[in-house]
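Novice: What follows is model.cif, mmCIF, C-alpha atoms.
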data_target
loop_
_atom_site.group_PDB
_atom_site.id
_atom_site.type_symbol
_atom_site.label_atom_id
_atom_site.label_comp_id
_atom_site.auth_asym_id
_atom_site.auth_seq_id
_atom_site.Cartn_x
_atom_site.Cartn_y
_atom_site.Cartn_z
ATOM 1 C CA MET A 1 0.000 0.000 0.000
ATOM 2 C CA LYS A 2 1.403 3.390 -0.950
ATOM 3 C CA LYS A 3 1.623 6.071 1.655
ATOM 4 C CA SER A 4 -0.740 8.996 1.218
ATOM 5 C CA ALA A 5 -0.066 12.672 1.693
ATOM 6 C CA THR A 6 0.336 14.039 5.199
ATOM 7 C CA TRP A 7 -2.721 15.117 7.168
ATOM 8 C CA VAL A 8 -1.930 18.739 6.322
ATOM 9 C CA SER A 9 -1.798 17.914 2.630
ATOM 10 C CA VAL A 10 -5.066 16.066 2.982
ATOM 11 C CA ALA A 11 -6.577 19.131 4.612
ATOM 12 C CA VAL A 12 -5.414 21.295 1.704
ATOM 13 C CA ALA A 13 -7.057 18.853 -0.684
ATOM 14 C CA ALA A 14 -10.209 19.035 1.416
ATOM 15 C CA ALA A 15 -10.264 22.806 1.129
ATOM 16 C CA LEU A 16 -9.977 22.545 -2.631
ATOM 17 C CA LEU A 17 -12.711 19.937 -2.794
ATOM 18 C CA ALA A 18 -15.169 21.387 -0.293
ATOM 19 C CA GLY A 19 -17.971 23.598 -1.431
ATOM 20 C CA CYS A 20 -17.515 22.976 -5.155
ATOM 21 C CA GLY A 21 -19.659 19.828 -5.205
ATOM 22 C CA GLY A 22 -17.535 18.105 -7.824
ATOM 23 C CA THR A 23 -18.652 14.973 -9.657
ATOM 24 C CA ASP A 24 -16.170 12.339 -10.822
ATOM 25 C CA GLU A 25 -16.178 10.175 -13.895
ATOM 26 C CA PRO A 26 -17.961 6.812 -13.558
ATOM 27 C CA ALA A 27 -16.099 4.321 -11.382
ATOM 28 C CA THR A 28 -17.586 1.113 -12.793
ATOM 29 C CA SER A 29 -19.290 -0.139 -15.906
ATOM 30 C CA ALA A 30 -23.076 -0.387 -15.860
ATOM 31 C CA SER A 31 -24.715 -3.740 -16.526
ATOM 32 C CA SER A 32 -28.367 -4.760 -16.797
ATOM 33 C CA ASP A 33 -27.601 -8.479 -16.470
ATOM 34 C CA ASN A 34 -27.160 -8.561 -12.701
ATOM 35 C CA PRO A 35 -30.168 -10.087 -10.893
ATOM 36 C CA LEU A 36 -29.825 -7.553 -8.057
ATOM 37 C CA ASN A 37 -30.423 -4.792 -10.575
ATOM 38 C CA ALA A 38 -34.165 -5.499 -10.479
ATOM 39 C CA MET A 39 -34.243 -4.508 -6.814
ATOM 40 C CA LEU A 40 -33.274 -0.923 -7.599
ATOM 41 C CA PRO A 41 -35.799 1.899 -7.950
ATOM 42 C CA GLU A 42 -36.778 2.528 -11.554
ATOM 43 C CA SER A 43 -35.146 5.964 -11.475
ATOM 44 C CA VAL A 44 -31.761 4.436 -10.641
ATOM 45 C CA ARG A 45 -32.142 1.533 -13.072
ATOM 46 C CA SER A 46 -33.020 3.825 -15.939
ATOM 47 C CA ALA A 47 -30.159 6.184 -15.122
ATOM 48 C CA GLY A 48 -27.792 3.234 -14.753
ATOM 49 C CA ARG A 49 -25.871 5.173 -12.139
ATOM 50 C CA LEU A 50 -25.540 5.734 -8.402
ATOM 51 C CA ASN A 51 -24.313 9.138 -7.256
ATOM 52 C CA VAL A 52 -22.307 8.472 -4.105
ATOM 53 C CA GLY A 53 -21.256 11.247 -1.734
ATOM 54 C CA ASN A 54 -17.638 10.708 -0.744
ATOM 55 C CA SER A 55 -14.880 12.979 0.575
ATOM 56 C CA PRO A 56 -11.337 11.726 -0.207
ATOM 57 C CA VAL A 57 -9.772 13.240 2.917
ATOM 58 C CA TYR A 58 -9.872 10.379 5.429
ATOM 59 C CA PRO A 59 -7.248 7.687 4.864
ATOM 60 C CA PRO A 60 -7.406 4.754 4.604
ATOM 61 C CA MET A 61 -11.161 4.995 3.917
ATOM 62 C CA SER A 62 -10.937 7.508 1.053
ATOM 63 C CA TYR A 63 -8.048 9.774 0.114
ATOM 64 C CA LEU A 64 -5.959 11.087 -2.759
ATOM 65 C CA PRO A 65 -2.544 9.562 -3.445
ATOM 66 C CA GLU A 66 0.421 11.728 -2.574
ATOM 67 C CA GLY A 67 1.159 14.362 -5.173
ATOM 68 C CA THR A 68 -2.266 14.542 -6.829
ATOM 69 C CA GLU A 69 -5.420 16.584 -6.416
ATOM 70 C CA ASP A 70 -7.276 14.577 -9.077
ATOM 71 C CA ARG A 71 -10.442 13.241 -7.474
ATOM 72 C CA GLU A 72 -10.728 10.520 -10.083
ATOM 73 C CA LYS A 73 -7.664 8.934 -8.497
ATOM 74 C CA ARG A 74 -9.205 8.643 -5.035
ATOM 75 C CA GLN A 75 -8.512 5.359 -3.308
ATOM 76 C CA GLY A 76 -9.308 3.552 -0.089
ATOM 77 C CA PHE A 77 -11.662 1.081 1.532
ATOM 78 C CA ASP A 78 -14.803 3.179 0.952
ATOM 79 C CA VAL A 79 -13.898 3.667 -2.694
ATOM 80 C CA ASP A 80 -13.285 -0.021 -3.371
ATOM 81 C CA LEU A 81 -16.410 -1.132 -1.524
ATOM 82 C CA ALA A 82 -18.654 1.432 -3.249
ATOM 83 C CA ARG A 83 -17.406 0.245 -6.625
ATOM 84 C CA ALA A 84 -17.962 -3.387 -5.655
ATOM 85 C CA ILE A 85 -21.537 -2.592 -4.584
ATOM 86 C CA GLY A 86 -22.099 -0.845 -7.911
ATOM 87 C CA GLU A 87 -20.850 -3.901 -9.759
ATOM 88 C CA LYS A 88 -23.194 -6.174 -7.813
ATOM 89 C CA LEU A 89 -26.122 -3.885 -8.615
ATOM 90 C CA GLY A 90 -25.144 -3.557 -12.265
ATOM 91 C CA VAL A 91 -24.849 0.235 -12.251
ATOM 92 C CA THR A 92 -22.114 2.806 -12.602
ATOM 93 C CA VAL A 93 -20.818 4.500 -9.459
ATOM 94 C CA THR A 94 -20.113 8.221 -9.706
ATOM 95 C CA PHE A 95 -18.470 9.926 -6.731
ATOM 96 C CA VAL A 96 -19.724 13.353 -5.711
ATOM 97 C CA THR A 97 -17.616 15.468 -3.343
ATOM 98 C CA GLN A 98 -19.253 18.090 -1.146
ATOM 99 C CA GLU A 99 -18.716 19.677 2.220
ATOM 100 C CA TYR A 100 -19.480 16.981 4.771
ATOM 101 C CA GLU A 101 -22.415 18.895 6.257
ATOM 102 C CA GLN A 102 -24.127 18.930 2.850
ATOM 103 C CA TYR A 103 -24.383 15.172 2.421
ATOM 104 C CA ILE A 104 -27.527 14.532 4.447
ATOM 105 C CA PRO A 105 -29.419 17.503 2.917
ATOM 106 C CA SER A 106 -28.283 16.286 -0.512
ATOM 107 C CA LEU A 107 -29.789 12.862 0.185
ATOM 108 C CA ALA A 108 -33.085 14.539 1.028
ATOM 109 C CA THR A 109 -33.119 16.561 -2.200
ATOM 110 C CA GLY A 110 -31.938 13.715 -4.449
ATOM 111 C CA ARG A 111 -28.686 15.439 -5.363
ATOM 112 C CA ILE A 112 -26.967 12.206 -4.343
ATOM 113 C CA ASP A 113 -28.292 8.669 -3.908
ATOM 114 C CA LEU A 114 -25.956 7.422 -1.168
ATOM 115 C CA VAL A 115 -23.336 8.647 1.256
ATOM 116 C CA GLN A 116 -20.348 6.358 1.662
ATOM 117 C CA SER A 117 -17.806 8.491 3.461
ATOM 118 C CA ALA A 118 -17.152 6.990 6.919
ATOM 119 C CA MET A 119 -20.439 8.417 8.230
ATOM 120 C CA GLN A 120 -21.320 7.224 11.717
ATOM 121 C CA ASP A 121 -24.693 5.545 12.137
ATOM 122 C CA LEU A 122 -26.008 7.691 14.989
ATOM 123 C CA GLU A 123 -29.474 7.609 16.513
ATOM 124 C CA SER A 124 -29.719 11.363 15.989
ATOM 125 C CA ARG A 125 -29.377 10.929 12.218
ATOM 126 C CA ARG A 126 -31.925 8.147 11.772
ATOM 127 C CA ASP A 127 -34.959 10.453 11.569
ATOM 128 C CA THR A 128 -34.040 11.279 7.974
ATOM 129 C CA VAL A 129 -31.379 8.707 7.022
ATOM 130 C CA ASP A 130 -31.233 4.906 7.007
ATOM 131 C CA PHE A 131 -27.809 3.318 7.361
ATOM 132 C CA VAL A 132 -26.593 0.082 5.823
ATOM 133 C CA ASP A 133 -23.798 -0.571 8.307
ATOM 134 C CA TYR A 134 -20.520 -1.750 6.817
ATOM 135 C CA TYR A 135 -17.837 -1.441 9.507
ATOM 136 C CA THR A 136 -17.415 -0.540 13.174
ATOM 137 C CA THR A 137 -15.350 2.428 14.261
ATOM 138 C CA GLY A 138 -13.937 3.109 17.693
ATOM 139 C CA PRO A 139 -12.998 6.574 18.940
ATOM 140 C CA GLN A 140 -9.313 6.257 19.793
ATOM 141 C CA LEU A 141 -7.451 8.589 22.149
ATOM 142 C CA PHE A 142 -3.875 9.449 21.149
ATOM 143 C CA THR A 143 -1.132 11.932 21.911
ATOM 144 C CA ARG A 144 2.287 12.988 20.682
ATOM 145 C CA ALA A 145 4.832 10.208 20.973
ATOM 146 C CA ASP A 146 7.057 12.361 23.180
ATOM 147 C CA ARG A 147 4.197 12.705 25.702
ATOM 148 C CA ALA A 148 3.116 9.063 25.755
ATOM 149 C CA GLY A 149 4.640 8.555 29.205
ATOM 150 C CA GLN A 150 2.147 11.043 30.676
ATOM 151 C CA PHE A 151 -0.794 8.862 29.656
ATOM 152 C CA PRO A 152 -0.065 5.226 30.535
ATOM 153 C CA THR A 153 -3.811 4.538 30.949
ATOM 154 C CA GLU A 154 -7.056 6.020 29.689
ATOM 155 C CA ALA A 155 -7.819 7.421 33.160
ATOM 156 C CA ASP A 156 -4.712 9.607 32.935
ATOM 157 C CA VAL A 157 -6.456 11.594 30.200
ATOM 158 C CA CYS A 158 -9.062 12.851 32.702
ATOM 159 C CA GLY A 159 -8.709 16.558 33.404
ATOM 160 C CA HIS A 160 -6.631 17.172 30.252
ATOM 161 C CA LYS A 161 -7.519 18.995 27.054
ATOM 162 C CA VAL A 162 -8.728 16.735 24.251
ATOM 163 C CA ALA A 163 -8.896 18.133 20.714
ATOM 164 C CA VAL A 164 -12.092 16.974 19.013
ATOM 165 C CA ASP A 165 -13.645 18.155 15.769
ATOM 166 C CA SER A 166 -16.876 20.103 16.218
ATOM 167 C CA GLY A 167 -18.521 17.863 13.601
ATOM 168 C CA ASP A 168 -17.570 14.578 15.287
ATOM 169 C CA THR A 169 -20.928 14.117 17.000
ATOM 170 C CA GLY A 170 -20.379 10.471 17.836
ATOM 171 C CA TYR A 171 -16.920 11.048 19.288
ATOM 172 C CA ARG A 172 -18.092 13.947 21.432
ATOM 173 C CA ALA A 173 -20.868 11.749 22.793
ATOM 174 C CA ALA A 174 -18.264 9.056 23.491
ATOM 175 C CA LEU A 175 -16.194 11.563 25.459
ATOM 176 C CA THR A 176 -19.253 12.505 27.527
ATOM 177 C CA GLU A 177 -19.783 8.829 28.346
ATOM 178 C CA PHE A 178 -16.032 8.492 29.055
ATOM 179 C CA ASN A 179 -16.282 11.259 31.660
ATOM 180 C CA THR A 180 -18.908 9.278 33.541
ATOM 181 C CA ARG A 181 -17.566 5.756 33.056
ATOM 182 C CA VAL A 182 -13.881 6.487 33.605
ATOM 183 C CA CYS A 183 -13.232 9.931 35.082
ATOM 184 C CA ALA A 184 -16.086 10.189 37.586
ATOM 185 C CA ALA A 185 -15.610 6.576 38.638
ATOM 186 C CA ALA A 186 -11.938 7.296 39.369
ATOM 187 C CA GLY A 187 -12.739 10.513 41.226
ATOM 188 C CA LYS A 188 -10.991 12.583 38.567
ATOM 189 C CA PRO A 189 -12.125 15.739 36.756
ATOM 190 C CA PRO A 190 -13.673 15.328 33.289
ATOM 191 C CA VAL A 191 -11.722 15.858 30.102
ATOM 192 C CA GLN A 192 -11.754 19.370 28.693
ATOM 193 C CA GLU A 193 -12.916 19.446 25.076
ATOM 194 C CA LEU A 194 -10.948 21.717 22.773
ATOM 195 C CA THR A 195 -13.117 22.180 19.701
ATOM 196 C CA THR A 196 -11.223 22.101 16.418
ATOM 197 C CA ASN A 197 -12.074 22.540 12.766
ATOM 198 C CA GLY A 198 -11.115 19.250 11.197
ATOM 199 C CA THR A 199 -8.243 16.800 11.506
ATOM 200 C CA ALA A 200 -5.428 19.117 10.459
ATOM 201 C CA ASP A 201 -6.467 21.687 13.075
ATOM 202 C CA ALA A 202 -6.718 18.995 15.775
ATOM 203 C CA LEU A 203 -3.212 17.747 15.020
ATOM 204 C CA LEU A 204 -1.879 21.299 14.957
ATOM 205 C CA GLN A 205 -3.339 21.951 18.429
ATOM 206 C CA LEU A 206 -1.703 18.723 19.596
ATOM 207 C CA GLN A 207 1.655 19.516 18.030
ATOM 208 C CA GLN A 208 1.731 23.028 19.473
ATOM 209 C CA GLY A 209 0.745 21.907 22.959
ATOM 210 C CA ARG A 210 -2.619 23.631 23.174
ATOM 211 C CA ALA A 211 -4.208 20.184 23.357
ATOM 212 C CA ASP A 212 -2.789 17.288 25.346
ATOM 213 C CA VAL A 213 -4.662 14.509 23.578
ATOM 214 C CA SER A 214 -6.822 14.110 20.488
ATOM 215 C CA ILE A 215 -9.394 11.586 19.321
ATOM 216 C CA ARG A 216 -9.917 9.997 15.908
ATOM 217 C CA GLY A 217 -11.441 6.848 14.484
ATOM 218 C CA ALA A 218 -9.220 3.860 15.272
ATOM 219 C CA GLU A 219 -9.166 2.878 11.588
ATOM 220 C CA SER A 220 -7.703 6.269 10.666
ATOM 221 C CA ILE A 221 -5.251 6.981 13.462
ATOM 222 C CA ARG A 222 -3.797 3.472 13.186
ATOM 223 C CA TYR A 223 -3.089 4.207 9.534
ATOM 224 C CA VAL A 224 -1.475 7.536 10.414
ATOM 225 C CA THR A 225 0.782 6.025 13.067
ATOM 226 C CA LYS A 226 1.819 3.058 10.919
ATOM 227 C CA GLU A 227 1.860 4.410 7.372
ATOM 228 C CA GLN A 228 1.851 8.201 7.225
ATOM 229 C CA GLU A 229 3.824 9.503 10.164
ATOM 230 C CA PRO A 230 5.338 6.556 12.037
ATOM 231 C CA GLY A 231 6.794 7.447 15.410
ATOM 232 C CA LYS A 232 5.021 10.804 15.679
ATOM 233 C CA TYR A 233 1.920 9.777 17.654
ATOM 234 C CA ALA A 234 1.101 7.193 20.308
ATOM 235 C CA LEU A 235 -2.232 5.504 20.994
ATOM 236 C CA ILE A 236 -3.672 5.617 24.515
ATOM 237 C CA GLY A 237 -5.365 2.385 25.540
ATOM 238 C CA LYS A 238 -8.080 0.894 23.368
ATOM 239 C CA PRO A 239 -10.991 2.621 21.570
ATOM 240 C CA ILE A 240 -13.357 4.081 24.160
ATOM 241 C CA ALA A 241 -16.560 3.052 22.345
ATOM 242 C CA GLU A 242 -17.895 1.118 19.364
ATOM 243 C CA ILE A 243 -19.928 2.971 16.747
ATOM 244 C CA PRO A 244 -21.367 1.464 13.550
ATOM 245 C CA VAL A 245 -20.532 3.255 10.319
ATOM 246 C CA GLY A 246 -23.071 3.100 7.529
ATOM 247 C CA ILE A 247 -23.865 3.819 3.918
ATOM 248 C CA GLY A 248 -26.440 6.601 4.202
ATOM 249 C CA VAL A 249 -29.683 6.369 2.238
ATOM 250 C CA SER A 250 -32.644 8.734 2.368
ATOM 251 C CA LYS A 251 -35.407 7.483 4.653
ATOM 252 C CA LYS A 252 -37.735 7.818 1.654
ATOM 253 C CA GLN A 253 -35.654 5.437 -0.463
ATOM 254 C CA THR A 254 -36.371 2.089 1.203
ATOM 255 C CA GLN A 255 -36.130 0.206 -2.086
ATOM 256 C CA LEU A 256 -32.653 1.572 -2.715
ATOM 257 C CA ARG A 257 -31.663 0.839 0.894
ATOM 258 C CA ASP A 258 -32.735 -2.790 0.558
ATOM 259 C CA ALA A 259 -30.905 -3.170 -2.763
ATOM 260 C CA VAL A 260 -27.673 -1.832 -1.252
ATOM 261 C CA ALA A 261 -28.067 -4.151 1.753
ATOM 262 C CA ALA A 262 -28.577 -7.121 -0.586
ATOM 263 C CA ALA A 263 -25.492 -6.173 -2.597
ATOM 264 C CA LEU A 264 -23.384 -5.904 0.559
ATOM 265 C CA LYS A 265 -24.709 -9.276 1.734
ATOM 266 C CA ALA A 266 -23.639 -10.794 -1.586
ATOM 267 C CA LEU A 267 -20.160 -9.280 -1.203
ATOM 268 C CA ILE A 268 -19.865 -10.766 2.283
ATOM 269 C CA GLU A 269 -20.947 -14.184 1.031
ATOM 270 C CA ASP A 270 -18.601 -14.311 -1.963
ATOM 271 C CA GLY A 271 -15.585 -13.085 0.045
ATOM 272 C CA THR A 272 -15.117 -9.768 -1.764
ATOM 273 C CA TYR A 273 -15.895 -7.750 1.366
ATOM 274 C CA ALA A 274 -13.251 -9.617 3.356
ATOM 275 C CA LYS A 275 -10.670 -9.195 0.580
ATOM 276 C CA ILE A 276 -11.227 -5.436 0.448
ATOM 277 C CA GLY A 277 -10.922 -5.227 4.227
ATOM 278 C CA GLU A 278 -7.705 -7.243 4.173
ATOM 279 C CA LYS A 279 -6.267 -5.054 1.410
ATOM 280 C CA TRP A 280 -6.631 -1.956 3.599
ATOM 281 C CA GLY A 281 -5.642 -3.601 6.887
ATOM 282 C CA LEU A 282 -9.156 -3.325 8.303
ATOM 283 C CA SER A 283 -10.165 -6.961 8.739
ATOM 284 C CA ASP A 284 -10.714 -6.520 12.478
ATOM 285 C CA ILE A 285 -13.392 -3.821 12.070
ATOM 286 C CA LEU A 286 -15.544 -5.543 9.441
ATOM 287 C CA ARG A 287 -19.064 -6.550 10.423
ATOM 288 C CA PRO A 288 -20.004 -10.257 10.342
ATOM 289 C CA ALA A 289 -23.423 -9.644 8.765
ATOM 290 C CA VAL A 290 -25.447 -6.852 7.211
ATOM 291 C CA THR A 291 -27.307 -4.582 9.599
ATOM 292 C CA VAL A 292 -29.567 -1.607 8.904
ATOM 293 C CA ASN A 293 -29.615 1.066 11.580
ATOM 294 C CA GLY A 294 -27.775 -1.373 13.803
ATOM 295 C CA GLN A 295 -30.394 -4.121 13.406
ATOM 296 C CA PRO A 296 -30.190 -7.329 11.315
ATOM 297 C CA ALA A 297 -31.275 -6.660 7.734
ATOM 298 C CA ALA A 298 -34.564 -8.192 6.627
#
Can you present the structure in this file as structure tokens?
Specialist:
Amino acid sequence: MKKSATWVSVAVAAALLAGCGGTDEPATSASSDNPLNAMLPESVRSAGRLNVGNSPVYPPMSYLPEGTEDREKRQGFDVDLARAIGEKLGVTVTFVTQEYEQYIPSLATGRIDLVQSAMQDLESRRDTVDFVDYYTTGPQLFTRADRAGQFPTEADVCGHKVAVDSGDTGYRAALTEFNTRVCAAAGKPPVQELTTNGTADALLQLQQGRADVSIRGAESIRYVTKEQEPGKYALIGKPIAEIPVGIGVSKKQTQLRDAVAAALKALIEDGTYAKIGEKWGLSDILRPAVTVNGQPAA
């Protein structure tokens, strides 16, 4: 696996991508021969295409290779799995990049059909979005490698400043639960949240000492510490929670949701899902069966 650009470079790419709502060239070839194709809504079948919201700024799920800003060259677990789902359904996959906050409104308006961009399946989002869950994330605490000795256990984080992105709703909820389960139980003060604007800002606060610790998805920070910037950061304990991550579908598009779930089930059964997970070093976070909104699929 090739190393990607640094987090700062990724953030620059994000700034270039955000707000312009770009659409990529098709990622797969459409086919009407696939039996799962009949499960799709007529509008998708006739178009022969799924518009998938995806931001290539979160390695190893979706990111741009080092030295390029060409969105057509995005790579990662999300990218490979979205293309595989498209192949199972017999339609072309076209990636659409927007600001992250636009994805759910875009589902509601039909601007995109799906969101596959490491979106957490949270109860607060299920009023308008159904999630076909496809892996499990864990909010992972970490610090600079030169400060690892200050945090031998999770409880040592209590009372310290933790950089967390304002948009990371699930991780902020996990920190609230952490304060009760770990800090209060140990008679220690709660963590102090330092709100940041994205990953690059969080790492900058950490590097400059304004934050003591930060929190990211285990799948991402493991990649950073092993592939991108080895030796620069150190993990603290194990992930503090488990959160399902799902392919987002509009609540009004139950037929599309069920077709995507069936395609993912087929990929699990034929081994493709496992192979993609193994390729990106994510075998341990794959889900054993398809769930929708955290519940077994019908």
Novice: Quick one: pull the distance between CA of Gln205 (chain A) and CA of Ala163 (chain A), Å, one decimal.
Specialist: 7.1 Å
Novice: Go ahead and compute the interatomic distance for CA of Asp127 (chain A) and CA of Met61 (chain A), in Å to one decimal.
Specialist: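 CA of Met61 (chain A) lies 25.6 Å from CA of Asp127 (chain A).
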Novice: Residues of region 177-287 of chain A that approach region 43-53 of chain A to 12 Å or less, counting only C-alpha atoms: could you list each one with the shortest pair of atoms and its distance in Å to one decimal, rows by chain and increasing residue number, as a tab-separated table?
Specialist:
residue	atom	partner	partner_atom	distance
A:Ile247	CA	A:Val52	CA	9.4
A:Gly248	CA	A:Gly53	CA	9.1
A:Val249	CA	A:Val52	CA	10.0
A:Gln253	CA	A:Val44	CA	10.9
A:Gln255	CA	A:Val44	CA	10.5
A:Leu256	CA	A:Val44	CA	8.5
A:Ala259	CA	A:Val44	CA	11.0
A:Val260	CA	A:Leu50	CA	10.6
Novice: Selection in question (the file shown): the PyMOL selection byres ((chain A and resi 37) around 10). Which residues does it include, as an MDAnalysis selection string?
Specialist: chainID A and resid 31:36 38:42 44:45 48 86:91 259 263
Novice: Take the selection from the previous step and output its residues with C-alpha atoms, as an mmCIF file, in the frame of the given file.
Specialist:
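Result saved to result-v9.cif:
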data_model
loop_
_atom_site.group_PDB
_atom_site.id
_atom_site.type_symbol
_atom_site.label_atom_id
_atom_site.label_comp_id
_atom_site.auth_asym_id
_atom_site.auth_seq_id
_atom_site.Cartn_x
_atom_site.Cartn_y
_atom_site.Cartn_z
ATOM 1 C CA SER A 31 -24.715 -3.740 -16.526
ATOM 2 C CA SER A 32 -28.367 -4.760 -16.797
ATOM 3 C CA ASP A 33 -27.601 -8.479 -16.470
ATOM 4 C CA ASN A 34 -27.160 -8.561 -12.701
ATOM 5 C CA PRO A 35 -30.168 -10.087 -10.893
ATOM 6 C CA LEU A 36 -29.825 -7.553 -8.057
ATOM 7 C CA ALA A 38 -34.165 -5.499 -10.479
ATOM 8 C CA MET A 39 -34.243 -4.508 -6.814
ATOM 9 C CA LEU A 40 -33.274 -0.923 -7.599
ATOM 10 C CA PRO A 41 -35.799 1.899 -7.950
ATOM 11 C CA GLU A 42 -36.778 2.528 -11.554
ATOM 12 C CA VAL A 44 -31.761 4.436 -10.641
ATOM 13 C CA ARG A 45 -32.142 1.533 -13.072
ATOM 14 C CA GLY A 48 -27.792 3.234 -14.753
ATOM 15 C CA GLY A 86 -22.099 -0.845 -7.911
ATOM 16 C CA GLU A 87 -20.850 -3.901 -9.759
ATOM 17 C CA LYS A 88 -23.194 -6.174 -7.813
ATOM 18 C CA LEU A 89 -26.122 -3.885 -8.615
ATOM 19 C CA GLY A 90 -25.144 -3.557 -12.265
ATOM 20 C CA VAL A 91 -24.849 0.235 -12.251
ATOM 21 C CA ALA A 259 -30.905 -3.170 -2.763
ATOM 22 C CA ALA A 263 -25.492 -6.173 -2.597
#
Novice: Point out the residue among A:Phe178, A:Phe131, A:Tyr273, A:Phe142 with the least atom-to-atom distance to Lys251 (chain A), counting only C-alpha atoms.
Specialist: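 That would be A:Phe131, the residue with the smallest distance to Lys251 (chain A).
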Novice: Please measure the separation of CA of Glu69 (chain A) and CA of Arg216 (chain A), giving the value in Å to one decimal.
Specialist: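 We find that CA of Glu69 (chain A) and CA of Arg216 (chain A) lie 23.7 Å from each other.
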Novice: Residues within 6 Å of (-9.5, 4.4, -0.9), file coordinates, counting only C-alpha atoms: what are they? Give the list as a VMD selection string.
Specialist: chain A and resid 60 to 63 74 to 79
Novice: Could you check which of A:Ala200, A:Gln192, A:Thr136, A:Pro56 is closest to Glu99 (chain A), using only C-alpha atoms?
Specialist: A:Pro56
Novice: Please define a box with edges along x, y and z of the file around all atoms of region 152-168 of chain A given in the file, extend it by 3 Å on each side, and return its centre and edge lengths in Å to one decimal, as JSON.
Specialist:
{"center_x": -9.3, "center_y": 12.3, "center_z": 23.5, "size_x": 24.5, "size_y": 21.6, "size_z": 25.8}
Novice: Calculated over only C-alpha atoms, which of the candidates A:Pro59, A:Ile104, A:Asn54, A:Asp270 has the smallest distance to Arg71 (chain A)?
Specialist: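 Of all the options, A:Asn54 lies closest to Arg71 (chain A).
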Novice: Do a neighbour search on Ser166 (chain A) at 8 Å with all atoms listed in the file, toss out local chain neighbours closer than 5 positions, and write the hits as number ranges by chain.
Specialist: A: 195-198
